[in-house]
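Source file protein_31.txt; content: compact mmCIF, C-alpha atoms and all ligand atoms.
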```
# COMPACT_ATOMS: atom_id res chain seq x y z
CA MET A 22 -21.01 6.02 -27.19
CA ALA A 23 -22.93 5.72 -30.45
CA ASP A 24 -21.47 2.32 -31.27
CA PRO A 25 -20.57 0.40 -28.15
CA GLY A 26 -19.23 -2.41 -30.34
CA ALA A 27 -15.66 -3.54 -30.72
CA LYS A 28 -14.72 -0.85 -33.24
CA ALA A 29 -15.11 2.21 -31.03
CA LYS A 30 -12.77 5.11 -31.89
CA ILE A 31 -10.13 5.26 -29.20
CA GLY A 32 -8.12 8.21 -27.93
CA PHE A 33 -5.05 7.03 -26.03
CA ILE A 34 -2.83 9.25 -23.86
CA GLY A 35 0.40 8.02 -22.23
CA LEU A 36 2.75 5.72 -24.11
CA GLY A 37 5.07 4.51 -21.36
CA LEU A 38 5.93 0.93 -20.43
CA MET A 39 2.23 0.14 -20.05
CA GLY A 40 0.55 2.44 -22.57
CA ARG A 41 2.54 1.45 -25.65
CA PRO A 42 1.59 -2.26 -25.60
CA MET A 43 -2.01 -1.46 -24.57
CA ALA A 44 -2.45 0.91 -27.51
CA MET A 45 -0.80 -1.63 -29.83
CA ASN A 46 -3.28 -4.33 -28.80
CA LEU A 47 -6.20 -1.98 -29.47
CA LEU A 48 -4.81 -1.24 -32.94
CA LYS A 49 -4.30 -4.94 -33.64
CA ALA A 50 -7.91 -5.56 -32.64
CA GLY A 51 -9.00 -3.20 -35.42
CA HIS A 52 -9.79 -0.04 -33.48
CA ALA A 53 -8.98 3.37 -34.91
CA VAL A 54 -6.56 4.70 -32.29
CA THR A 55 -5.40 8.31 -31.96
CA VAL A 56 -2.43 8.56 -29.60
CA TRP A 57 -0.71 11.38 -27.75
CA ASN A 58 2.45 11.23 -25.65
CA ARG A 59 4.50 14.05 -24.15
CA THR A 60 7.60 12.58 -25.84
CA ALA A 61 6.20 12.13 -29.34
CA SER A 62 8.95 9.73 -30.50
CA ARG A 63 7.53 7.04 -28.20
CA ALA A 64 4.59 6.84 -30.62
CA ASP A 65 6.76 5.91 -33.64
CA GLU A 66 6.07 2.17 -33.55
CA LEU A 67 2.34 2.75 -33.07
CA VAL A 68 2.18 5.28 -35.90
CA ALA A 69 4.01 2.78 -38.15
CA ALA A 70 1.33 0.23 -37.18
CA GLY A 71 -1.50 2.59 -38.18
CA ALA A 72 -2.19 4.84 -35.18
CA LYS A 73 -2.86 8.54 -35.76
CA LEU A 74 -0.53 10.84 -33.82
CA ALA A 75 -2.39 13.70 -32.15
CA LYS A 76 -0.69 17.09 -31.73
CA SER A 77 -2.26 17.57 -28.28
CA PRO A 78 -4.21 15.69 -25.60
CA LYS A 79 -7.21 17.70 -26.86
CA GLU A 80 -6.87 16.23 -30.35
CA ALA A 81 -6.63 12.69 -28.93
CA ALA A 82 -9.81 13.23 -26.91
CA SER A 83 -12.00 15.25 -29.26
CA ASP A 84 -13.19 12.49 -31.59
CA ALA A 85 -12.94 9.55 -29.17
CA ASP A 86 -15.82 7.25 -28.28
CA VAL A 87 -13.52 5.94 -25.56
CA LEU A 88 -10.57 7.90 -24.15
CA ILE A 89 -7.94 5.95 -22.20
CA THR A 90 -5.19 7.62 -20.16
CA ILE A 91 -2.26 5.91 -18.44
CA VAL A 92 0.35 8.40 -17.24
CA SER A 93 2.76 8.39 -14.29
CA ASP A 94 1.10 10.13 -11.41
CA PRO A 95 -1.50 12.69 -10.28
CA PRO A 96 0.38 15.81 -11.54
CA ALA A 97 0.89 14.19 -14.97
CA LEU A 98 -2.79 13.28 -15.20
CA GLU A 99 -3.96 16.74 -14.11
CA GLU A 100 -1.66 18.24 -16.73
CA VAL A 101 -3.07 16.22 -19.64
CA LEU A 102 -6.67 16.73 -18.48
CA TRP A 103 -6.65 20.42 -17.53
CA GLY A 104 -3.26 21.80 -18.61
CA LYS A 105 -0.47 23.38 -16.62
CA SER A 106 1.61 26.49 -17.10
CA GLY A 107 4.92 25.49 -18.64
CA GLY A 108 3.44 22.18 -19.89
CA VAL A 109 0.30 21.26 -21.82
CA SER A 110 -1.71 24.49 -22.22
CA ALA A 111 -5.29 24.64 -20.92
CA GLU A 112 -6.35 25.10 -24.55
CA ASP A 113 -4.63 21.83 -25.57
CA ALA A 114 -5.84 19.76 -22.59
CA ALA A 115 -8.05 16.67 -22.99
CA LEU A 116 -10.99 16.94 -20.64
CA GLY A 117 -12.71 19.94 -22.18
CA ALA A 118 -12.55 18.28 -25.60
CA LEU A 119 -14.43 15.08 -24.72
CA LYS A 120 -17.82 14.81 -26.41
CA ALA A 121 -21.03 14.15 -24.46
CA GLY A 122 -21.74 10.41 -24.41
CA ALA A 123 -18.06 9.47 -24.60
CA ILE A 124 -16.54 7.10 -22.07
CA TYR A 125 -13.34 8.05 -20.32
CA VAL A 126 -11.25 5.29 -18.69
CA ASP A 127 -8.27 6.35 -16.58
CA SER A 128 -5.82 3.51 -15.92
CA SER A 129 -3.08 5.60 -14.27
CA THR A 130 -2.58 4.92 -10.56
CA VAL A 131 -3.59 8.17 -8.83
CA SER A 132 -5.44 9.20 -5.67
CA PRO A 133 -9.12 8.32 -5.16
CA ASP A 134 -9.72 12.05 -4.59
CA LEU A 135 -8.42 12.89 -8.05
CA ALA A 136 -10.60 10.12 -9.53
CA ARG A 137 -13.66 11.69 -7.88
CA LYS A 138 -12.67 15.17 -9.09
CA ILE A 139 -12.41 13.84 -12.66
CA ALA A 140 -15.74 12.02 -12.30
CA ALA A 141 -17.45 15.28 -11.28
CA ALA A 142 -15.89 17.19 -14.20
CA CYS A 143 -16.96 14.42 -16.60
CA ALA A 144 -20.51 14.28 -15.23
CA ALA A 145 -20.86 18.03 -15.87
CA LYS A 146 -20.10 17.34 -19.56
CA GLY A 147 -22.23 14.22 -19.98
CA VAL A 148 -19.10 12.04 -20.15
CA LYS A 149 -19.08 8.68 -18.33
CA PHE A 150 -15.98 8.07 -16.28
CA LEU A 151 -14.33 4.94 -14.88
CA ASP A 152 -11.29 4.97 -12.63
CA ALA A 153 -9.71 1.75 -13.80
CA PRO A 154 -6.12 1.25 -12.62
CA VAL A 155 -4.52 -2.01 -13.66
CA THR A 156 -2.31 -4.78 -12.41
CA GLY A 157 -0.42 -7.36 -14.41
CA GLY A 158 2.83 -5.60 -15.26
CA ASP A 159 4.21 -4.66 -18.65
CA TRP A 160 4.09 -8.35 -19.66
CA GLY A 161 0.33 -8.37 -18.88
CA ALA A 162 0.00 -5.23 -21.00
CA LYS A 163 1.83 -6.93 -23.88
CA LYS A 164 -0.34 -10.05 -23.72
CA GLY A 165 -3.60 -8.10 -23.32
CA GLU A 166 -4.05 -9.78 -19.95
CA LEU A 167 -4.30 -6.89 -17.52
CA VAL A 168 -6.62 -6.96 -14.52
CA PHE A 169 -8.69 -3.79 -14.04
CA MET A 170 -9.88 -2.45 -10.66
CA VAL A 171 -12.87 -0.32 -11.57
CA GLY A 172 -14.76 2.46 -9.82
CA GLY A 173 -17.89 3.84 -11.48
CA GLU A 174 -21.27 2.73 -12.75
CA ALA A 175 -22.05 -0.81 -13.91
CA GLU A 176 -23.72 0.51 -17.05
CA THR A 177 -20.56 2.44 -18.04
CA LEU A 178 -18.39 -0.60 -17.44
CA LYS A 179 -20.74 -2.72 -19.56
CA ALA A 180 -20.45 -0.21 -22.41
CA ALA A 181 -16.64 -0.13 -22.08
CA GLU A 182 -16.21 -3.92 -21.89
CA PRO A 183 -15.63 -4.46 -25.65
CA VAL A 184 -12.60 -2.16 -25.34
CA ILE A 185 -11.40 -3.21 -21.88
CA GLY A 186 -11.69 -6.85 -23.00
CA VAL A 187 -9.04 -6.27 -25.69
CA ILE A 188 -6.42 -5.16 -23.15
CA GLY A 189 -7.58 -7.02 -20.06
CA LYS A 190 -8.47 -10.53 -19.01
CA LYS A 191 -10.46 -9.61 -15.87
CA TRP A 192 -12.15 -6.58 -14.44
CA PHE A 193 -13.75 -6.01 -11.07
CA LEU A 194 -16.36 -3.34 -10.36
CA LEU A 195 -15.48 -2.36 -6.80
CA GLY A 196 -17.78 0.56 -6.02
CA PRO A 197 -18.37 4.20 -7.05
CA ASN A 198 -15.65 6.40 -8.61
CA GLY A 199 -12.53 6.28 -6.45
CA ALA A 200 -13.06 2.64 -5.44
CA GLY A 201 -10.78 1.29 -8.17
CA GLN A 202 -7.94 3.57 -7.06
CA THR A 203 -8.51 2.74 -3.38
CA ILE A 204 -8.18 -1.00 -3.97
CA LYS A 205 -5.18 -0.47 -6.27
CA LEU A 206 -3.33 1.57 -3.61
CA ALA A 207 -4.09 -1.04 -0.94
CA MET A 208 -2.89 -3.80 -3.25
CA ASN A 209 0.33 -2.05 -4.21
CA ALA A 210 1.08 -1.35 -0.55
CA ILE A 211 1.00 -5.13 -0.07
CA LEU A 212 3.25 -5.75 -3.11
CA ALA A 213 5.73 -3.14 -1.87
CA LEU A 214 5.79 -4.79 1.55
CA GLN A 215 6.16 -8.29 0.14
CA VAL A 216 9.18 -7.38 -1.97
CA GLU A 217 10.69 -5.28 0.83
CA ALA A 218 10.23 -8.19 3.26
CA LEU A 219 11.90 -10.59 0.84
CA ALA A 220 14.84 -8.20 0.38
CA GLU A 221 15.13 -7.80 4.15
CA ALA A 222 15.16 -11.56 4.73
CA LEU A 223 17.74 -12.06 1.97
CA ALA A 224 19.96 -9.41 3.55
CA LEU A 225 19.77 -11.29 6.85
CA VAL A 226 20.55 -14.68 5.29
CA ARG A 227 23.47 -13.28 3.28
CA ALA A 228 24.88 -11.48 6.32
CA ALA A 229 24.92 -14.87 8.01
CA GLY A 230 27.11 -16.19 5.19
CA LEU A 231 24.40 -18.28 3.51
CA ASN A 232 23.16 -17.89 -0.03
CA GLY A 233 19.74 -16.50 -0.78
CA GLU A 234 18.75 -19.34 -3.12
CA GLY A 235 18.24 -21.59 -0.09
CA LEU A 236 15.79 -19.15 1.47
CA VAL A 237 13.82 -18.84 -1.77
CA GLU A 238 13.71 -22.64 -2.27
CA VAL A 239 12.36 -23.17 1.23
CA MET A 240 9.81 -20.39 0.79
CA GLN A 241 8.61 -21.94 -2.47
CA SER A 242 7.74 -25.08 -0.46
CA SER A 243 6.02 -23.18 2.33
CA MET A 244 3.02 -20.96 3.00
CA ALA A 245 5.22 -17.99 2.09
CA ARG A 246 5.17 -18.95 -1.62
CA SER A 247 3.58 -16.32 -3.84
CA GLY A 248 3.39 -14.83 -7.31
CA VAL A 249 5.68 -12.05 -6.12
CA LEU A 250 8.26 -14.63 -5.13
CA ASP A 251 8.07 -16.27 -8.60
CA VAL A 252 8.45 -12.98 -10.45
CA LYS A 253 10.75 -10.90 -8.24
CA ALA A 254 12.99 -13.36 -6.35
CA PRO A 255 15.12 -14.01 -9.49
CA ASN A 256 15.79 -10.23 -9.77
CA LEU A 257 16.84 -10.01 -6.13
CA LEU A 258 19.05 -13.10 -6.31
CA LYS A 259 20.81 -11.91 -9.49
CA GLY A 260 20.88 -8.22 -8.59
CA GLU A 261 19.29 -7.38 -11.96
CA TYR A 262 16.61 -4.72 -11.85
CA VAL A 263 15.50 -3.96 -15.44
CA PRO A 264 12.39 -1.80 -14.91
CA SER A 265 9.10 -3.61 -15.31
CA PHE A 266 7.32 -1.63 -12.61
CA PRO A 267 9.75 1.19 -11.86
CA LEU A 268 10.75 1.86 -8.23
CA ARG A 269 9.88 5.57 -8.64
CA LEU A 270 6.27 4.51 -9.37
CA MET A 271 6.10 2.06 -6.46
CA TYR A 272 7.36 4.84 -4.19
CA LYS A 273 4.60 7.07 -5.59
CA ASP A 274 1.96 4.39 -4.91
CA VAL A 275 3.09 3.71 -1.33
CA SER A 276 3.09 7.48 -0.74
CA LEU A 277 -0.44 7.77 -2.18
CA ALA A 278 -1.58 4.91 0.09
CA ILE A 279 -0.11 6.70 3.11
CA ASP A 280 -1.79 9.98 2.10
CA LEU A 281 -5.11 8.16 1.79
CA ALA A 282 -4.60 6.49 5.18
CA LYS A 283 -3.98 9.92 6.76
CA GLU A 284 -7.19 11.25 5.20
CA LEU A 285 -9.10 8.27 6.59
CA GLY A 286 -7.41 8.29 10.01
CA VAL A 287 -5.84 4.84 9.57
CA THR A 288 -2.28 4.12 10.72
CA LEU A 289 -0.09 2.12 8.32
CA PRO A 290 3.16 1.51 10.23
CA ALA A 291 4.56 -1.13 7.87
CA ALA A 292 3.79 0.92 4.75
CA ALA A 293 5.39 3.97 6.40
CA ALA A 294 8.58 1.94 6.99
CA ALA A 295 8.54 0.67 3.40
CA GLN A 296 8.12 4.26 2.14
CA GLN A 297 11.37 5.14 3.94
CA THR A 298 13.24 2.16 2.47
CA TYR A 299 12.02 2.68 -1.11
CA GLY A 300 12.60 6.43 -0.70
CA ALA A 301 16.21 5.89 0.37
CA VAL A 302 16.94 3.70 -2.68
CA LYS A 303 15.16 6.15 -4.99
CA ALA A 304 17.29 9.02 -3.64
CA ALA A 305 20.53 7.05 -3.95
CA THR A 306 19.99 5.62 -7.45
CA LYS A 307 20.35 7.58 -10.67
CA GLU A 308 19.13 4.78 -12.99
CA ASP A 309 15.46 4.01 -13.58
CA LEU A 310 15.27 0.58 -11.91
CA ASP A 311 12.51 -1.90 -11.11
CA TYR A 312 11.06 -1.73 -7.59
CA SER A 313 12.81 -5.01 -6.74
CA ALA A 314 15.92 -2.78 -6.55
CA VAL A 315 14.76 -2.05 -2.99
CA MET A 316 17.37 -4.81 -2.31
CA LYS A 317 20.03 -2.13 -2.91
CA PHE A 318 19.10 -0.61 0.46
CA TRP A 319 21.34 -3.22 2.08
CA LYS A 320 24.36 -2.46 -0.11
CA HIS A 321 24.96 1.17 0.86
N1 LIG B 1 4.70 -0.60 -15.15
C1 LIG B 1 3.85 -1.35 -14.50
O1 LIG B 1 4.09 -2.54 -14.27
C2 LIG B 1 2.53 -0.80 -14.00
C3 LIG B 1 1.58 -1.70 -13.56
C4 LIG B 1 0.35 -1.23 -13.11
C5 LIG B 1 0.10 0.13 -13.09
N2 LIG B 1 1.05 1.02 -13.51
C6 LIG B 1 0.71 2.45 -13.47
O2 LIG B 1 0.46 2.88 -14.81
C7 LIG B 1 0.92 4.23 -14.97
C8 LIG B 1 1.96 4.28 -16.10
O3 LIG B 1 3.02 3.41 -15.75
P1 LIG B 1 4.23 3.09 -16.77
O4 LIG B 1 4.94 1.95 -16.17
O5 LIG B 1 3.71 3.03 -18.17
O6 LIG B 1 5.09 4.42 -16.56
P2 LIG B 1 6.20 5.07 -17.51
O7 LIG B 1 6.81 4.06 -18.41
O8 LIG B 1 7.06 5.88 -16.64
O9 LIG B 1 5.32 6.05 -18.42
C9 LIG B 1 4.74 7.21 -17.88
C10 LIG B 1 3.92 7.93 -18.92
O10 LIG B 1 3.43 9.15 -18.33
C11 LIG B 1 3.82 10.24 -19.16
N3 LIG B 1 4.02 11.44 -18.37
C12 LIG B 1 4.76 11.59 -17.25
N4 LIG B 1 4.69 12.87 -16.81
C13 LIG B 1 3.89 13.54 -17.68
C14 LIG B 1 3.43 14.86 -17.76
N5 LIG B 1 3.78 15.78 -16.85
N6 LIG B 1 2.61 15.20 -18.78
C15 LIG B 1 2.26 14.28 -19.70
N7 LIG B 1 2.65 13.00 -19.69
C16 LIG B 1 3.46 12.63 -18.68
C17 LIG B 1 5.12 9.77 -19.81
O11 LIG B 1 5.42 10.57 -20.93
P3 LIG B 1 6.94 10.60 -21.51
O12 LIG B 1 7.05 9.39 -22.40
O13 LIG B 1 7.01 11.90 -22.24
O14 LIG B 1 7.88 10.54 -20.33
C18 LIG B 1 4.73 8.33 -20.15
O15 LIG B 1 3.89 8.29 -21.27
C19 LIG B 1 1.46 4.68 -13.60
O16 LIG B 1 0.46 5.36 -12.90
C20 LIG B 1 1.80 3.36 -12.94
O17 LIG B 1 1.77 3.49 -11.53
C21 LIG B 1 2.26 0.57 -13.99
```
Turn this file's structure into structure tokens for me.
Amino acid sequence: MADPGAKAKIGFIGLGLMGRPMAMNLLKAGHAVTVWNRTASRADELVAAGAKLAKSPKEAASDADVLITIVSDPPALEEVLWGKSGGVSAEDAALGALKAGAIYVDSSTVSPDLARKIAAACAAKGVKFLDAPVTGGDWGAKKGELVFMVGGEAETLKAAEPVIGVIGKKWFLLGPNGAGQTIKLAMNAILALQVEALAEALALVRAAGLNGEGLVEVMQSSMARSGVLDVKAPNLLKGEYVPSFPLRLMYKDVSLAIDLAKELGVTLPAAAAAQQTYGAVKAATKEDLDYSAVMKFWKH
């Protein structure tokens, strides 16, 4: 990056629950931001605030000092980077358009294998790549207080810090490319299990004719208290599941963790059970609900 300062030109791909507020914070910090989203209308607010709307992932990437992507899952990321028949054409895809010396930060949650494949493709072009999935929820994205789990080289992270620092409050360099995704998948497996365990315990308490508030109050005074309890217990008690981290994405992350475990020869019995529970709710629910809707498993 010619100017590693705070005013790097940013390309930003993926304007979902997370990407929209992240891109907005970069604009507010004075960066020139060129955005692309599959559904272009999701860029309206950003364009009104001064972002340039790219016609293709390629256009978002071609002039960027720093490209950031945050899309749903591995197929979505492969499509924007390399193209796919029936979707983004290979000609319009982002990766081939990145200039040598640019930094590419992927904040989607995908497999460590895909992160390493991207790193190799970037290295061949003289592009520096960080796998940098995030935690902190859409509220963390809005406040610019995300936490980044980073795989890659320290020097690249240092150069990206003026940009990452606008959208994040903490970042951890965890190892070579793929390490950020590995830690993210392990962490989300824990979050999935914590919320599933809470739902399971609530189902038990309610079946016994007691109300769930009592269980949560006791837990708040015990070793079982946690951030997850603070944030998700109200959803479970009220039965309100407005998507913050959608269940379809948690199911994807637990499935990616299980795939990784298979590759590594590790058995994850609890995660495998949670995959079944989340999968059953996902199959039975038409709405796009938060992952705390795993509670619905006990209402069928
Ligand atoms: N929400 C959270 O709390 C949270 C927290 C940490 C990490 N994450 C991770 O961050 C990523 C984004 O999450 P999100 O909550 O922002 O998801 P989201 O609201 O569902 O947004 C997904 C984004 O991916 C795009 N996309 C999906 N399929 C695509 C395809 N085939 N080609 C091109 N673009 C495609 C969507 O475009 P359209 O607008 O056209 O559908 C949208 O921009 C995921 O990997 C998720 O696991 C989310």
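With all atoms listed in the file as the atoms that count, the set of residues no farther than 6 Å from ligand LIG 1 (chain B) is A:Gly35, A:Leu36, A:Gly37, A:Leu38, A:Met39, A:Gly40, A:Asn58, A:Arg59, A:Thr60, A:Ile91, A:Val92, A:Ser93, A:Asp94, A:Ala97, A:Glu100, A:Val101, A:Ser129, A:Thr130, A:Val155, A:Thr156, A:Gly158, A:Asp159, A:Ser265, A:Phe266, A:Leu270.
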Review point. With distances taken over only C-alpha atoms, which of A:Ala50, A:Leu102, A:Ala44, A:Leu231 is nearest to Arg63 of chain A?
Key: A:Ala44
Check your understanding: Pick from A:Ala314, A:Ala278, A:Leu194, A:Ala69: nearest to Pro255 of chain A, with all atoms listed in the file counted?
Key ->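 Among the listed residues, the smallest separation from Pro255 of chain A belongs to A:Ala314.
One distance worth recording is that between atom CA of Val275 of chain A and atom CA of Gly300 of chain A, which is 9.9 Å.
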Padded axis-aligned box of segment 210-222 of chain A (6 Å per side), centre and edge lengths, Å, one decimal, as AutoDock Vina command-line options:
```
--center_x 8.1 --center_y -6.5 --center_z 0.8 --size_x 26.2 --size_y 22.2 --size_z 19.8
```
Point to revise | Residues within 10 Å of (-6.6, 21.9, -21.4), file coords, only C-alpha atoms, listed as a PyMOL selection string | key: chain A and resi 77-79+99-105+109-118
**Study point:** Counting all atoms listed in the file, the option among A:Glu261, A:Glu176, A:Asp65, A:Asp86 closest to Ile31 of chain A
**Key:**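 Closest residue, counting all atoms listed in the file: A:Asp86.
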Distance query Ala254 of chain A at most 10 Å, only C-alpha atoms, self and fewer than 4 positions along chain excluded, as a PDB file with C-alpha atoms, keeping the file's coordinate frame:
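New file part_38.pdb:
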```
ATOM      1  CA  VAL A 216       9.180  -7.380  -1.970  1.00  0.00           C
ATOM      2  CA  LEU A 219      11.900 -10.590   0.840  1.00  0.00           C
ATOM      3  CA  ALA A 220      14.840  -8.200   0.380  1.00  0.00           C
ATOM      4  CA  LEU A 223      17.740 -12.060   1.970  1.00  0.00           C
ATOM      5  CA  GLY A 233      19.740 -16.500  -0.780  1.00  0.00           C
ATOM      6  CA  GLU A 234      18.750 -19.340  -3.120  1.00  0.00           C
ATOM      7  CA  VAL A 237      13.820 -18.840  -1.770  1.00  0.00           C
ATOM      8  CA  GLY A 248       3.390 -14.830  -7.310  1.00  0.00           C
ATOM      9  CA  VAL A 249       5.680 -12.050  -6.120  1.00  0.00           C
ATOM     10  CA  LEU A 250       8.260 -14.630  -5.130  1.00  0.00           C
ATOM     11  CA  LEU A 258      19.050 -13.100  -6.310  1.00  0.00           C
ATOM     12  CA  LYS A 259      20.810 -11.910  -9.490  1.00  0.00           C
ATOM     13  CA  GLY A 260      20.880  -8.220  -8.590  1.00  0.00           C
ATOM     14  CA  SER A 313      12.810  -5.010  -6.740  1.00  0.00           C
TER      15      SER A 313
END
```
Point to revise | Contacts of Glu182 of chain A within 12 Å, only C-alpha atoms, excl. fewer than 2 positions in-chain, as a list in words | key: Pro25, Gly26, Ala27, Lys28, Ala29, Val87, Ile124, Val126, Leu151, Ala153, Phe169, Val171, Ala175, Glu176, Thr177, Leu178, Lys179, Ala180, Val184, Ile185, Gly186, Val187, Ile188, Gly189, Lys190, Lys191, Trp192, Phe193 and Leu194 of chain A
Once you have the residues from the selection above, write them out as a compact mmCIF listing (two decimals), in the frame of the given file, restricted to C-alpha atoms.
```txt
# COMPACT_ATOMS: atom_id res chain seq x y z
CA PRO A 25 -20.57 0.40 -28.15
CA GLY A 26 -19.23 -2.41 -30.34
CA ALA A 27 -15.66 -3.54 -30.72
CA LYS A 28 -14.72 -0.85 -33.24
CA ALA A 29 -15.11 2.21 -31.03
CA VAL A 87 -13.52 5.94 -25.56
CA ILE A 124 -16.54 7.10 -22.07
CA VAL A 126 -11.25 5.29 -18.69
CA LEU A 151 -14.33 4.94 -14.88
CA ALA A 153 -9.71 1.75 -13.80
CA PHE A 169 -8.69 -3.79 -14.04
CA VAL A 171 -12.87 -0.32 -11.57
CA ALA A 175 -22.05 -0.81 -13.91
CA GLU A 176 -23.72 0.51 -17.05
CA THR A 177 -20.56 2.44 -18.04
CA LEU A 178 -18.39 -0.60 -17.44
CA LYS A 179 -20.74 -2.72 -19.56
CA ALA A 180 -20.45 -0.21 -22.41
CA VAL A 184 -12.60 -2.16 -25.34
CA ILE A 185 -11.40 -3.21 -21.88
CA GLY A 186 -11.69 -6.85 -23.00
CA VAL A 187 -9.04 -6.27 -25.69
CA ILE A 188 -6.42 -5.16 -23.15
CA GLY A 189 -7.58 -7.02 -20.06
CA LYS A 190 -8.47 -10.53 -19.01
CA LYS A 191 -10.46 -9.61 -15.87
CA TRP A 192 -12.15 -6.58 -14.44
CA PHE A 193 -13.75 -6.01 -11.07
CA LEU A 194 -16.36 -3.34 -10.36
```
